[in-house]
$ cat structure-v6.txt   # compact mmCIF, C-alpha atoms and all ligand atoms
# COMPACT_ATOMS: atom_id res chain seq x y z
CA MET B 1300 103.33 -29.17 -20.58
CA SER B 1301 99.57 -29.81 -20.59
CA LYS B 1302 97.11 -26.96 -20.78
CA TYR B 1303 95.92 -27.87 -17.28
CA GLN B 1304 99.35 -27.30 -15.84
CA ARG B 1305 99.60 -23.99 -17.65
CA THR B 1306 96.23 -22.83 -16.28
CA ARG B 1307 96.61 -20.11 -13.63
CA PHE B 1308 94.59 -20.26 -10.42
CA THR B 1309 93.80 -17.15 -8.43
CA PRO B 1310 92.46 -17.98 -4.94
CA THR B 1311 89.48 -15.82 -4.01
CA SER B 1312 88.17 -17.42 -0.80
CA MET B 1313 88.81 -20.28 1.60
CA SER B 1314 86.71 -22.29 4.04
CA PHE B 1315 87.30 -25.16 6.47
CA GLY B 1316 85.16 -28.11 7.55
CA MET B 1317 85.29 -31.69 8.84
CA GLY B 1318 85.92 -34.57 6.51
CA THR B 1319 88.60 -37.00 5.33
CA TRP B 1320 91.51 -36.08 3.18
CA ALA B 1321 91.91 -38.60 0.44
CA GLY B 1322 94.05 -36.46 -1.78
CA CYS B 1323 92.86 -34.28 -4.59
CA ARG B 1324 94.92 -34.29 -7.75
CA TYR B 1325 95.43 -30.87 -9.20
CA GLU B 1326 95.23 -32.00 -12.80
CA SER B 1327 92.06 -34.07 -12.52
CA THR B 1328 90.29 -31.31 -10.61
CA ALA B 1329 91.23 -28.73 -13.20
CA HIS B 1330 90.02 -31.14 -15.86
CA ALA B 1331 86.64 -31.61 -14.16
CA ILE B 1332 86.21 -27.88 -13.91
CA GLU B 1333 87.12 -27.33 -17.51
CA LYS B 1334 84.57 -29.97 -18.51
CA ARG B 1335 81.85 -28.39 -16.44
CA ASP B 1336 82.40 -24.74 -17.06
CA GLY B 1337 84.30 -24.58 -20.30
CA GLY B 1338 87.40 -23.59 -18.37
CA LYS B 1339 86.24 -20.06 -17.82
CA ASP B 1340 84.39 -20.16 -14.53
CA ARG B 1341 84.80 -20.48 -10.84
CA GLY B 1342 85.48 -23.84 -9.32
CA GLY B 1343 86.08 -25.52 -5.97
CA LEU B 1344 88.83 -27.79 -4.78
CA ILE B 1345 87.25 -30.02 -2.15
CA GLY B 1346 88.93 -32.70 -0.02
CA ASN B 1347 87.04 -35.96 0.51
CA SER B 1348 85.25 -37.12 3.67
CA GLY B 1349 86.80 -38.92 6.64
CA ARG B 1350 88.83 -38.36 9.73
CA PHE B 1351 90.75 -35.22 8.92
CA SER B 1352 89.66 -31.68 8.38
CA TYR B 1353 89.42 -30.70 4.79
CA LEU B 1354 90.03 -27.52 2.96
CA ALA B 1355 87.65 -26.08 0.43
CA LEU B 1356 89.19 -23.52 -1.80
CA SER B 1357 87.30 -21.41 -4.25
CA PHE B 1358 89.24 -19.90 -7.11
CA GLN B 1359 88.95 -18.07 -10.34
CA LEU B 1360 90.19 -20.08 -13.29
CA SER B 1361 91.81 -17.87 -15.87
CA PRO B 1362 93.29 -19.70 -18.83
CA PRO B 1363 96.25 -18.10 -20.55
CA ALA B 1364 95.39 -15.87 -23.50
CA GLU B 1365 96.52 -18.34 -26.15
CA VAL B 1366 94.09 -20.97 -24.77
CA ALA B 1367 91.21 -18.54 -24.38
CA SER B 1368 91.49 -17.20 -27.90
CA ARG B 1369 91.62 -20.52 -29.70
CA SER B 1370 88.65 -21.66 -31.78
CA TYR B 1371 85.97 -19.44 -30.35
CA LYS B 1372 82.47 -19.30 -31.75
CA MET B 1373 79.96 -16.49 -31.63
CA ILE B 1374 76.33 -16.71 -32.66
CA ILE B 1375 74.85 -13.55 -34.17
CA VAL B 1376 71.05 -13.49 -34.09
CA LEU B 1377 69.56 -11.05 -36.58
CA LYS B 1378 66.36 -9.07 -36.00
CA PRO B 1379 63.22 -10.34 -37.76
CA THR B 1380 63.39 -7.18 -39.89
CA ALA B 1381 66.96 -7.91 -41.10
CA THR B 1382 67.26 -8.32 -44.85
CA PRO B 1383 69.34 -10.87 -46.80
CA GLU B 1384 71.61 -7.94 -47.73
CA ASP B 1385 72.24 -7.22 -44.01
CA ALA B 1386 73.22 -10.86 -43.53
CA ASP B 1387 75.51 -10.79 -46.58
CA GLN B 1388 77.19 -7.60 -45.47
CA ILE B 1389 77.90 -8.96 -41.96
CA LEU B 1390 79.18 -12.26 -43.36
CA ARG B 1391 81.52 -10.37 -45.69
CA GLN B 1392 82.84 -8.29 -42.78
CA ILE B 1393 83.48 -11.45 -40.73
CA GLU B 1394 85.32 -13.02 -43.64
CA ALA B 1395 87.37 -9.89 -44.27
CA LEU B 1396 88.73 -10.17 -40.73
CA GLY B 1397 90.01 -13.66 -41.50
CA LEU B 1398 87.32 -15.38 -39.39
CA LYS B 1399 85.11 -18.20 -40.63
CA PRO B 1400 81.57 -16.92 -41.40
CA LEU B 1401 78.55 -19.23 -41.08
CA HIS B 1402 75.06 -18.66 -42.41
CA LEU B 1403 72.34 -20.52 -40.52
CA PRO B 1404 68.94 -19.50 -41.83
CA GLY B 1405 66.15 -20.58 -39.46
CA THR B 1406 62.38 -20.53 -39.75
CA GLU B 1407 61.89 -17.44 -37.57
CA ARG B 1408 65.27 -15.74 -37.47
CA VAL B 1409 68.44 -15.65 -39.51
CA VAL B 1410 71.36 -16.67 -37.37
CA LEU B 1411 74.95 -16.05 -38.36
CA GLY B 1412 78.06 -17.51 -36.83
CA ALA B 1413 81.68 -16.51 -36.63
CA LEU B 1414 84.45 -18.93 -35.82
CA GLY B 1415 87.76 -17.55 -34.64
CA ASP B 1416 89.21 -15.18 -32.10
CA GLU B 1417 86.49 -13.20 -30.29
CA ARG B 1418 88.84 -10.23 -29.84
CA ILE B 1419 89.10 -9.85 -33.61
CA LEU B 1420 85.33 -10.16 -33.98
CA GLY B 1421 84.97 -7.43 -31.34
CA LYS B 1422 86.41 -4.97 -33.87
CA LEU B 1423 83.16 -5.12 -35.83
CA HIS B 1424 81.05 -3.90 -32.86
CA LEU B 1425 78.21 -6.04 -34.09
CA GLU B 1426 76.25 -5.42 -30.88
CA ALA B 1427 75.61 -1.93 -32.27
CA HIS B 1428 74.67 -3.06 -35.79
CA PRO B 1429 71.04 -2.08 -36.58
CA ALA B 1430 70.22 -5.53 -37.99
CA VAL B 1431 71.63 -7.47 -35.02
CA GLU B 1432 69.36 -8.55 -32.17
CA SER B 1433 71.91 -10.32 -29.97
CA LEU B 1434 75.34 -11.90 -29.79
CA LYS B 1435 75.82 -15.17 -27.95
CA PRO B 1436 79.08 -16.98 -27.35
CA ILE B 1437 78.95 -20.78 -27.52
CA LEU B 1438 80.65 -22.01 -24.39
CA ALA B 1439 80.36 -25.74 -25.03
CA PRO B 1440 83.65 -27.22 -26.27
CA TYR B 1441 81.81 -28.53 -29.32
CA LYS B 1442 80.37 -25.83 -31.57
CA LEU B 1443 79.01 -26.99 -34.92
CA VAL B 1444 77.17 -29.96 -33.40
CA SER B 1445 75.73 -27.94 -30.52
CA ARG B 1446 72.06 -27.09 -30.39
CA SER B 1447 72.73 -23.46 -29.60
CA MET B 1448 74.37 -23.25 -33.00
CA HIS B 1449 71.53 -24.99 -34.79
CA PRO B 1450 68.29 -25.13 -32.79
CA HIS B 1451 66.43 -27.48 -35.13
CA ASP B 1452 66.94 -31.24 -35.34
CA THR B 1453 69.23 -32.36 -38.14
CA VAL B 1454 67.81 -35.10 -40.34
CA VAL B 1455 70.43 -37.35 -41.91
CA ASN B 1456 69.40 -39.39 -44.95
CA ILE B 1457 70.90 -42.85 -45.17
CA GLY B 1458 69.99 -43.74 -48.73
CA ASP B 1459 66.33 -42.75 -48.79
CA VAL B 1460 65.79 -43.35 -45.06
CA PRO B 1461 65.70 -40.16 -42.98
CA ILE B 1462 67.13 -40.44 -39.46
CA GLY B 1463 66.21 -37.75 -36.96
CA GLY B 1464 62.73 -36.91 -38.25
CA ASP B 1465 59.33 -38.35 -37.34
CA ARG B 1466 60.27 -41.88 -38.13
CA PHE B 1467 61.91 -44.27 -35.62
CA VAL B 1468 64.40 -46.15 -37.76
CA VAL B 1469 65.34 -49.77 -37.20
CA ILE B 1470 68.66 -50.90 -38.69
CA ALA B 1471 69.20 -54.66 -38.49
CA GLY B 1472 71.46 -57.41 -39.74
CA PRO B 1473 74.29 -59.64 -38.65
CA CYS B 1474 77.42 -58.48 -36.87
CA ALA B 1475 79.52 -59.59 -39.84
CA VAL B 1476 78.96 -60.48 -43.46
CA GLU B 1477 79.91 -64.17 -43.57
CA SER B 1478 78.59 -65.31 -46.95
CA LEU B 1479 76.08 -64.25 -49.59
CA GLU B 1480 73.52 -66.80 -48.34
CA GLN B 1481 73.89 -65.84 -44.67
CA MET B 1482 73.53 -62.14 -45.50
CA GLN B 1483 70.66 -62.65 -47.93
CA ASP B 1484 68.59 -64.86 -45.60
CA THR B 1485 69.06 -62.40 -42.75
CA ALA B 1486 68.28 -59.41 -44.98
CA ILE B 1487 65.03 -60.94 -46.20
CA ALA B 1488 63.99 -61.76 -42.62
CA VAL B 1489 64.69 -58.29 -41.24
CA LYS B 1490 63.11 -56.52 -44.18
CA ASN B 1491 59.94 -58.60 -43.89
CA ALA B 1492 59.78 -57.77 -40.20
CA GLY B 1493 60.00 -54.03 -40.94
CA ALA B 1494 63.67 -53.01 -40.70
CA ALA B 1495 64.47 -49.93 -42.80
CA CYS B 1496 68.24 -50.41 -43.21
CA LEU B 1497 70.60 -53.33 -43.30
CA ARG B 1498 73.79 -53.68 -41.29
CA GLY B 1499 76.76 -56.05 -41.58
CA GLY B 1500 80.50 -55.67 -41.06
CA ALA B 1501 82.96 -56.45 -43.85
CA TYR B 1502 85.93 -55.17 -41.85
CA LYS B 1503 85.67 -56.34 -38.25
CA PRO B 1504 87.74 -54.75 -35.48
CA ARG B 1505 88.10 -57.75 -33.15
CA THR B 1506 89.52 -57.81 -29.65
CA SER B 1507 91.52 -60.92 -30.51
CA PRO B 1508 93.72 -61.13 -33.62
CA TYR B 1509 92.64 -64.80 -33.93
CA SER B 1510 88.94 -63.97 -34.31
CA PHE B 1511 87.19 -63.64 -37.69
CA GLN B 1512 88.30 -60.32 -39.19
CA GLY B 1513 85.62 -60.00 -41.88
CA LEU B 1514 85.46 -60.74 -45.61
CA GLY B 1515 86.79 -57.33 -46.63
CA LEU B 1516 86.07 -56.30 -50.20
CA ALA B 1517 84.14 -59.52 -50.92
CA GLY B 1518 81.83 -58.61 -48.03
CA LEU B 1519 81.37 -55.08 -49.35
CA LYS B 1520 80.31 -56.43 -52.73
CA ILE B 1521 77.72 -58.69 -51.09
CA LEU B 1522 76.35 -55.69 -49.22
CA ARG B 1523 76.22 -53.47 -52.28
CA ASP B 1524 74.45 -56.12 -54.37
CA LEU B 1525 71.92 -56.88 -51.63
CA SER B 1526 71.28 -53.21 -51.06
CA LYS B 1527 70.32 -52.89 -54.72
CA SER B 1528 68.29 -56.06 -55.03
CA MET B 1529 66.44 -55.55 -51.73
CA ASN B 1530 66.12 -51.79 -52.11
CA MET B 1531 67.51 -51.23 -48.62
CA PRO B 1532 70.34 -48.88 -47.60
CA VAL B 1533 73.33 -50.65 -46.01
CA ILE B 1534 75.63 -49.53 -43.22
CA THR B 1535 79.04 -51.05 -42.73
CA GLU B 1536 82.14 -50.23 -40.73
CA ALA B 1537 85.40 -48.72 -41.92
CA VAL B 1538 88.34 -49.33 -39.62
CA GLU B 1539 91.05 -47.20 -41.21
CA VAL B 1540 91.59 -44.24 -43.49
CA GLY B 1541 92.69 -46.54 -46.31
CA ASP B 1542 89.24 -48.27 -46.31
CA LEU B 1543 87.18 -45.15 -46.70
CA GLU B 1544 87.08 -44.82 -50.46
CA ILE B 1545 86.07 -48.41 -51.05
CA VAL B 1546 83.56 -48.49 -48.19
CA GLU B 1547 82.01 -45.26 -49.40
CA GLU B 1548 81.70 -46.68 -52.88
CA HIS B 1549 79.80 -49.77 -51.68
CA ALA B 1550 77.77 -48.61 -48.65
CA SER B 1551 75.00 -46.09 -48.00
CA ALA B 1552 76.60 -45.00 -44.70
CA ILE B 1553 79.93 -45.58 -42.98
CA GLN B 1554 79.99 -46.88 -39.42
CA ILE B 1555 82.83 -45.85 -37.12
CA GLY B 1556 83.06 -48.31 -34.29
CA ALA B 1557 83.61 -47.76 -30.59
CA ARG B 1558 87.29 -48.63 -30.86
CA ASN B 1559 87.89 -45.93 -33.44
CA MET B 1560 85.78 -43.10 -32.03
CA GLN B 1561 88.89 -41.14 -31.12
CA ASN B 1562 90.99 -42.01 -34.14
CA PHE B 1563 91.30 -38.36 -35.05
CA ARG B 1564 92.96 -38.82 -38.41
CA LEU B 1565 90.15 -41.14 -39.41
CA LEU B 1566 87.57 -38.63 -38.14
CA LYS B 1567 89.15 -35.84 -40.19
CA SER B 1568 89.10 -37.99 -43.31
CA LEU B 1569 85.41 -38.75 -42.71
CA GLY B 1570 84.80 -35.04 -43.02
CA LYS B 1571 85.73 -35.33 -46.69
CA CYS B 1572 83.35 -38.26 -47.34
CA ARG B 1573 80.07 -37.71 -49.13
CA LYS B 1574 78.26 -40.52 -47.32
CA PRO B 1575 76.70 -40.18 -43.85
CA ILE B 1576 78.61 -41.40 -40.82
CA LEU B 1577 77.27 -43.53 -37.99
CA LEU B 1578 79.56 -42.61 -35.09
CA LYS B 1579 79.48 -45.04 -32.17
CA ARG B 1580 80.41 -43.96 -28.68
CA GLY B 1581 83.75 -45.28 -27.48
CA MET B 1582 83.49 -47.68 -24.56
CA ALA B 1583 85.45 -45.35 -22.29
CA SER B 1584 84.27 -42.07 -23.77
CA THR B 1585 82.32 -39.31 -22.13
CA ILE B 1586 79.44 -37.54 -23.84
CA ASP B 1587 81.70 -34.56 -24.54
CA ASP B 1588 84.26 -36.92 -26.10
CA LEU B 1589 81.52 -38.26 -28.39
CA LEU B 1590 80.30 -34.81 -29.38
CA LEU B 1591 83.85 -33.60 -29.98
CA ALA B 1592 84.50 -36.63 -32.18
CA ALA B 1593 81.40 -35.65 -34.18
CA GLU B 1594 82.69 -32.08 -34.28
CA TYR B 1595 85.86 -33.33 -36.00
CA ILE B 1596 83.78 -34.82 -38.82
CA VAL B 1597 81.40 -31.88 -39.17
CA SER B 1598 84.16 -29.26 -39.00
CA GLU B 1599 85.99 -31.03 -41.82
CA GLY B 1600 82.96 -30.70 -44.07
CA ASN B 1601 80.56 -33.62 -43.54
CA PRO B 1602 77.43 -32.49 -41.65
CA ASN B 1603 75.74 -35.90 -41.91
CA VAL B 1604 76.59 -37.58 -38.64
CA VAL B 1605 74.33 -39.93 -36.68
CA LEU B 1606 75.47 -40.61 -33.11
CA CYS B 1607 75.10 -44.03 -31.51
CA GLU B 1608 75.04 -45.02 -27.85
CA ARG B 1609 76.38 -48.57 -27.65
CA GLY B 1610 77.19 -48.98 -23.97
CA ILE B 1611 80.27 -48.18 -21.95
CA ARG B 1612 82.65 -50.17 -19.76
CA THR B 1613 81.80 -49.95 -16.08
CA PHE B 1614 82.54 -52.13 -13.05
CA GLU B 1615 79.53 -54.26 -14.04
CA THR B 1616 80.44 -57.64 -15.48
CA ALA B 1617 77.00 -59.26 -15.76
CA THR B 1618 76.39 -57.47 -19.04
CA ARG B 1619 78.93 -56.89 -21.81
CA SER B 1620 78.51 -53.11 -21.49
CA THR B 1621 76.38 -50.74 -19.46
CA LEU B 1622 73.90 -49.21 -21.89
CA ASP B 1623 73.76 -45.55 -20.91
CA LEU B 1624 70.32 -44.49 -22.12
CA SER B 1625 70.45 -41.20 -20.22
CA VAL B 1626 72.78 -40.08 -23.00
CA VAL B 1627 69.84 -39.89 -25.39
CA PRO B 1628 67.80 -37.13 -23.71
CA TYR B 1629 71.02 -35.44 -22.55
CA ILE B 1630 72.39 -35.22 -26.09
CA LYS B 1631 68.98 -34.24 -27.48
CA GLN B 1632 69.16 -31.12 -25.30
CA ARG B 1633 72.68 -30.20 -26.33
CA SER B 1634 73.06 -31.32 -29.92
CA HIS B 1635 70.95 -31.21 -33.06
CA LEU B 1636 72.43 -34.45 -34.40
CA PRO B 1637 70.29 -37.59 -34.49
CA ILE B 1638 71.13 -40.32 -32.00
CA ILE B 1639 70.34 -44.01 -32.17
CA VAL B 1640 70.90 -46.85 -29.68
CA ASP B 1641 72.66 -50.20 -30.12
CA PRO B 1642 71.08 -52.55 -27.55
CA SER B 1643 73.04 -55.53 -28.95
CA HIS B 1644 76.57 -54.35 -28.08
CA GLY B 1645 75.05 -52.32 -25.26
CA THR B 1646 74.05 -55.45 -23.35
CA GLY B 1647 75.74 -58.37 -25.11
CA ILE B 1648 72.79 -60.56 -24.11
CA ARG B 1649 70.12 -61.62 -26.60
CA ASP B 1650 67.25 -61.53 -24.09
CA LEU B 1651 68.01 -57.96 -23.10
CA VAL B 1652 67.89 -56.58 -26.63
CA GLU B 1653 64.10 -56.32 -26.81
CA PRO B 1654 63.50 -54.51 -23.49
CA MET B 1655 66.34 -52.08 -24.17
CA THR B 1656 65.02 -51.41 -27.67
CA LEU B 1657 61.64 -50.49 -26.19
CA ALA B 1658 63.40 -48.28 -23.64
CA ALA B 1659 65.39 -46.59 -26.42
CA ALA B 1660 62.17 -45.70 -28.23
CA ALA B 1661 60.61 -44.46 -24.99
CA CYS B 1662 63.53 -42.16 -24.11
CA GLY B 1663 63.48 -40.37 -27.45
CA ALA B 1664 66.13 -42.11 -29.56
CA ASP B 1665 65.83 -41.69 -33.33
CA GLY B 1666 66.29 -45.39 -33.94
CA VAL B 1667 68.14 -48.56 -33.05
CA ILE B 1668 70.75 -50.78 -34.65
CA ILE B 1669 70.22 -54.45 -33.82
CA GLU B 1670 72.20 -57.58 -34.58
CA VAL B 1671 70.14 -60.38 -36.14
CA HIS B 1672 71.56 -63.61 -37.58
CA ARG B 1673 69.72 -66.32 -39.53
CA ASN B 1674 71.26 -68.78 -37.07
CA PRO B 1675 73.05 -67.08 -34.15
CA ALA B 1676 74.52 -70.41 -32.97
CA GLU B 1677 76.63 -70.43 -36.14
CA ALA B 1678 77.57 -66.74 -36.14
CA LEU B 1679 81.27 -66.00 -36.61
CA SER B 1680 80.96 -62.98 -34.33
CA ASP B 1681 78.58 -61.75 -31.63
CA GLY B 1682 76.28 -64.81 -31.73
CA PRO B 1683 75.25 -64.52 -28.04
CA GLN B 1684 73.76 -61.08 -28.59
CA SER B 1685 72.28 -61.72 -32.04
CA LEU B 1686 68.52 -62.21 -32.32
CA TYR B 1687 66.88 -65.09 -34.14
CA PRO B 1688 64.78 -63.81 -37.04
CA GLU B 1689 61.52 -64.78 -35.25
CA GLN B 1690 62.65 -62.91 -32.14
CA PHE B 1691 63.33 -59.83 -34.24
CA ALA B 1692 59.90 -60.04 -35.86
CA ARG B 1693 58.26 -60.22 -32.40
CA LEU B 1694 60.35 -57.27 -31.22
CA MET B 1695 59.10 -55.19 -34.17
CA GLN B 1696 55.51 -55.96 -33.20
CA LYS B 1697 56.08 -54.96 -29.58
CA LEU B 1698 57.97 -51.83 -30.58
CA ARG B 1699 55.13 -50.06 -32.39
CA PRO B 1700 53.12 -48.82 -29.36
CA PHE B 1701 56.32 -47.53 -27.74
CA VAL B 1702 57.29 -45.64 -30.86
CA GLU B 1703 53.81 -44.19 -31.18
CA ALA B 1704 53.71 -43.22 -27.50
CA ALA B 1705 56.94 -41.30 -28.12
CA GLY B 1706 55.17 -39.41 -30.91
CA ARG B 1707 56.86 -41.14 -33.83
CA THR B 1708 56.08 -43.61 -36.56
CA LEU B 1709 57.79 -46.89 -37.30
C1 LIG P 1 79.59 -53.75 -34.47
O1 LIG P 1 78.70 -52.94 -34.75
O2 LIG P 1 79.57 -54.93 -34.84
C2 LIG P 1 80.68 -53.30 -33.59
C3 LIG P 1 81.90 -53.84 -33.64
O3 LIG P 1 80.29 -52.32 -32.75
P1 LIG P 1 81.10 -51.51 -31.65
O4 LIG P 1 82.12 -50.71 -32.39
O5 LIG P 1 80.05 -50.67 -31.00
O6 LIG P 1 81.71 -52.50 -30.70
MN MN P 2 79.01 -56.91 -33.48
$ encode --input "structure-v6.txt" --output "structure tokens"
Amino acid sequence: MSKYQRTRFTPTSMSFGMGTWAGCRYESTAHAIEKRDGGKDRGGLIGNSGRFSYLALSFQLSPPAEVASRSYKMIIVLKPTATPEDADQILRQIEALGLKPLHLPGTERVVLGALGDERILGKLHLEAHPAVESLKPILAPYKLVSRSMHPHDTVVNIGDVPIGGDRFVVIAGPCAVESLEQMQDTAIAVKNAGAACLRGGAYKPRTSPYSFQGLGLAGLKILRDLSKSMNMPVITEAVEVGDLEIVEEHASAIQIGARNMQNFRLLKSLGKCRKPILLKRGMASTIDDLLLAAEYIVSEGNPNVVLCERGIRTFETATRSTLDLSVVPYIKQRSHLPIIVDPSHGTGIRDLVEPMTLAAAACGADGVIIEVHRNPAEALSDGPQSLYPEQFARLMQKLRPFVEAAGRTL
């Protein structure tokens, strides 16, 4: 039985109006409410417009105890006068109760966290502790990646390139590594134009099994050698748990593609990797889905996650995807993780890559990842969206004033 079906509803008020009844599915309504209010608040069940009267029902949503108690997080803000010994003592008490303690030193305040059942934490009566200023529950379904947990921006270093700081980072390269010459020519072109990191897939998740699947290990070796000789970090995709060790050995960061964003076993394994992860949004994933996917990686031990908006599937067919740039400022408010934009997969159309790159800089993204090929007409994958090297160089010129207007450097 799903948790939605187990959720109890207690009606508290009713009202009637005019409208059309188009049916309201119990499960999807409960789901929407859980998404909006963390499953703890009031909600409304509202019939749609039309010829019949509709019923609006307001109710209290009270999840069963076993759902409410699972994986709860409390933030404990210490007073400015609290000493390191106070923090240590509270952390030890949290640990002694079997909860997970977290130490989050900030610039103005020390913040502690406790992960586990709030009822157990209640036994400590921390609200009465002389060193504690306030206790705040984190209601968002994601915890470790949420901004309430960590108010300052996280900066993730890919090689020696920081993502999430003052610099707007441009990652560029072909969709796939096809040969040493193809990769080298493209790498030289993008580096000369000002790209900070190189991209290129060695393992390609393709929609069709008959399409080019990537060079595999041979491609990884090309990337590693070029990264060294060109002094540029490289990012490449891993498509399964079995690839991780070898990809980690050869690349500066591991990309997880849209098709794998909810491969939870893969996400858990990424938590054990020492290299940063570039996590792309799934094409049918909500923002919460993306942040929860990042939470999997962070909660398993790898805090270095860069999010990537790469477009979603909508009813629109003119473009390959609908690039959802509103995600950038939305996520900036709710998460401390850096977020970059992929205008290549986000539009699928070469001529749209430049304007959407400028828009990404303007809306506060931390960078972009762009497909560039030395000769897109010959590309084995994603040629129609790949930029010619000259086009990429022009884009970099146009980008500067946008980046500066957004208060960053290129
Ligand atoms: C890619 O970066 O080439 C790729 C396959 O991206 P996505 O997973 O976003 O489709
Ligand atoms: Mn591609």
$ residues_around --input "structure-v6.txt" --residues "range 1552-1556 of chain B" --least-positions-apart "3" --cutoff "8 Å" --atoms "only C-alpha atoms" --output "list in words"
Ile1457, Gly1458, Pro1532, Val1533, Ile1534, Thr1535, Glu1536, Ala1537, Val1538, Val1546, Glu1547, Asn1559, Met1560, Lys1574, Pro1575, Ile1576, Leu1577, Leu1578, Lys1579, Arg1580 and Gly1581 of chain B
$ closest_residue --input "structure-v6.txt" --among "B:Ile1611, B:Leu1636, B:Leu1497, B:Val1597" --to "Ala1471 in chain B" --atoms "all atoms listed in the file"
B:Leu1497
$ residues_near_ligand --input "structure-v6.txt" --ligand "ligand LIG 1 (chain P)" --cutoff "7 Å" --atoms "only C-alpha atoms and all ligand atoms" --output "PDB file with C-alpha atoms, in the frame of the given file"
ATOM      1  CA  CYS B1474      77.420 -58.480 -36.870  1.00  0.00           C
ATOM      2  CA  ALA B1475      79.520 -59.590 -39.840  1.00  0.00           C
ATOM      3  CA  GLY B1500      80.500 -55.670 -41.060  1.00  0.00           C
ATOM      4  CA  LYS B1503      85.670 -56.340 -38.250  1.00  0.00           C
ATOM      5  CA  PRO B1504      87.740 -54.750 -35.480  1.00  0.00           C
ATOM      6  CA  ILE B1555      82.830 -45.850 -37.120  1.00  0.00           C
ATOM      7  CA  GLY B1556      83.060 -48.310 -34.290  1.00  0.00           C
ATOM      8  CA  ALA B1557      83.610 -47.760 -30.590  1.00  0.00           C
ATOM      9  CA  ARG B1558      87.290 -48.630 -30.860  1.00  0.00           C
ATOM     10  CA  LYS B1579      79.480 -45.040 -32.170  1.00  0.00           C
ATOM     11  CA  ARG B1609      76.380 -48.570 -27.650  1.00  0.00           C
ATOM     12  CA  HIS B1644      76.570 -54.350 -28.080  1.00  0.00           C
TER      13      HIS B1644
END
$ residues_near_ligand --input "structure-v6.txt" --ligand "ligand MN 2 (chain P)" --cutoff "10 Å" --atoms "all atoms listed in the file" --output "list in words"
Gly1472, Pro1473, Cys1474, Ala1475, Arg1498, Gly1499, Gly1500, Lys1503, Pro1504, Arg1505, Gly1556, Asp1641, Ser1643, His1644, Gly1647, Ile1669, Glu1670, Val1671, Leu1679, Ser1680, Asp1681, Gly1682, Gln1684 and Ser1685 of chain B
$ residues_around --input "structure-v6.txt" --residues "Pro1450 in chain B" --least-positions-apart "2" --cutoff "10 Å" --atoms "all atoms listed in the file" --output "list in words"
Leu1403, Gly1405, Ser1445, Arg1446, Ser1447, Met1448, Asp1452, Thr1453, Gln1632, Arg1633, Ser1634 and His1635 of chain B
$ closest_residue --input "structure-v6.txt" --among "B:Leu1514, B:Leu1438, B:Leu1709, B:Ala1661" --to "Ile1462 in chain B" --atoms "only C-alpha atoms"
B:Leu1709
$ residues_around --input "structure-v6.txt" --residues "Met1373 in chain B" --least-positions-apart "5" --cutoff "8 Å" --atoms "only C-alpha atoms" --output "count of residues only"
8
$ atom_distance --input "structure-v6.txt" --atom1 "CA of Glu1407 in chain B" --atom2 "CA of Lys1631 in chain B"
20.8 Å
$ atom_distance --input "structure-v6.txt" --atom1 "CA of Cys1662 in chain B" --atom2 "CA of Ala1704 in chain B"
10.4 Å
$ axis_aligned_box --input "structure-v6.txt" --around "range 1526-1539 of chain B" --padding-each-side "8 Å" --output "AutoDock Vina command-line options"
--center_x 78.6 --center_y -51.6 --center_z -47.3 --size_x 40.9 --size_y 24.9 --size_z 31.4
$ atom_distance --input "structure-v6.txt" --atom1 "CA of Tyr1371 in chain B" --atom2 "CA of Gly1415 in chain B"
5.0 Å
$ residues_around --input "structure-v6.txt" --residues "range 1527-1530 of chain B" --least-positions-apart "2" --cutoff "9 Å" --atoms "all atoms listed in the file" --output "ChimeraX atom specification"
/B:1486-1487,1490,1522-1525,1532
$ residues_around --input "structure-v6.txt" --residues "Asp1665 in chain B" --least-positions-apart "3" --cutoff "8 Å" --atoms "only C-alpha atoms" --output "compact mmCIF listing (two decimals) with C-alpha atoms, in the coordinates of the input"
# COMPACT_ATOMS: atom_id res chain seq x y z
CA ILE B 1462 67.13 -40.44 -39.46
CA GLY B 1463 66.21 -37.75 -36.96
CA GLY B 1464 62.73 -36.91 -38.25
CA ARG B 1466 60.27 -41.88 -38.13
CA PHE B 1467 61.91 -44.27 -35.62
CA VAL B 1468 64.40 -46.15 -37.76
CA PRO B 1637 70.29 -37.59 -34.49
CA ILE B 1638 71.13 -40.32 -32.00
CA ILE B 1639 70.34 -44.01 -32.17
CA ALA B 1660 62.17 -45.70 -28.23
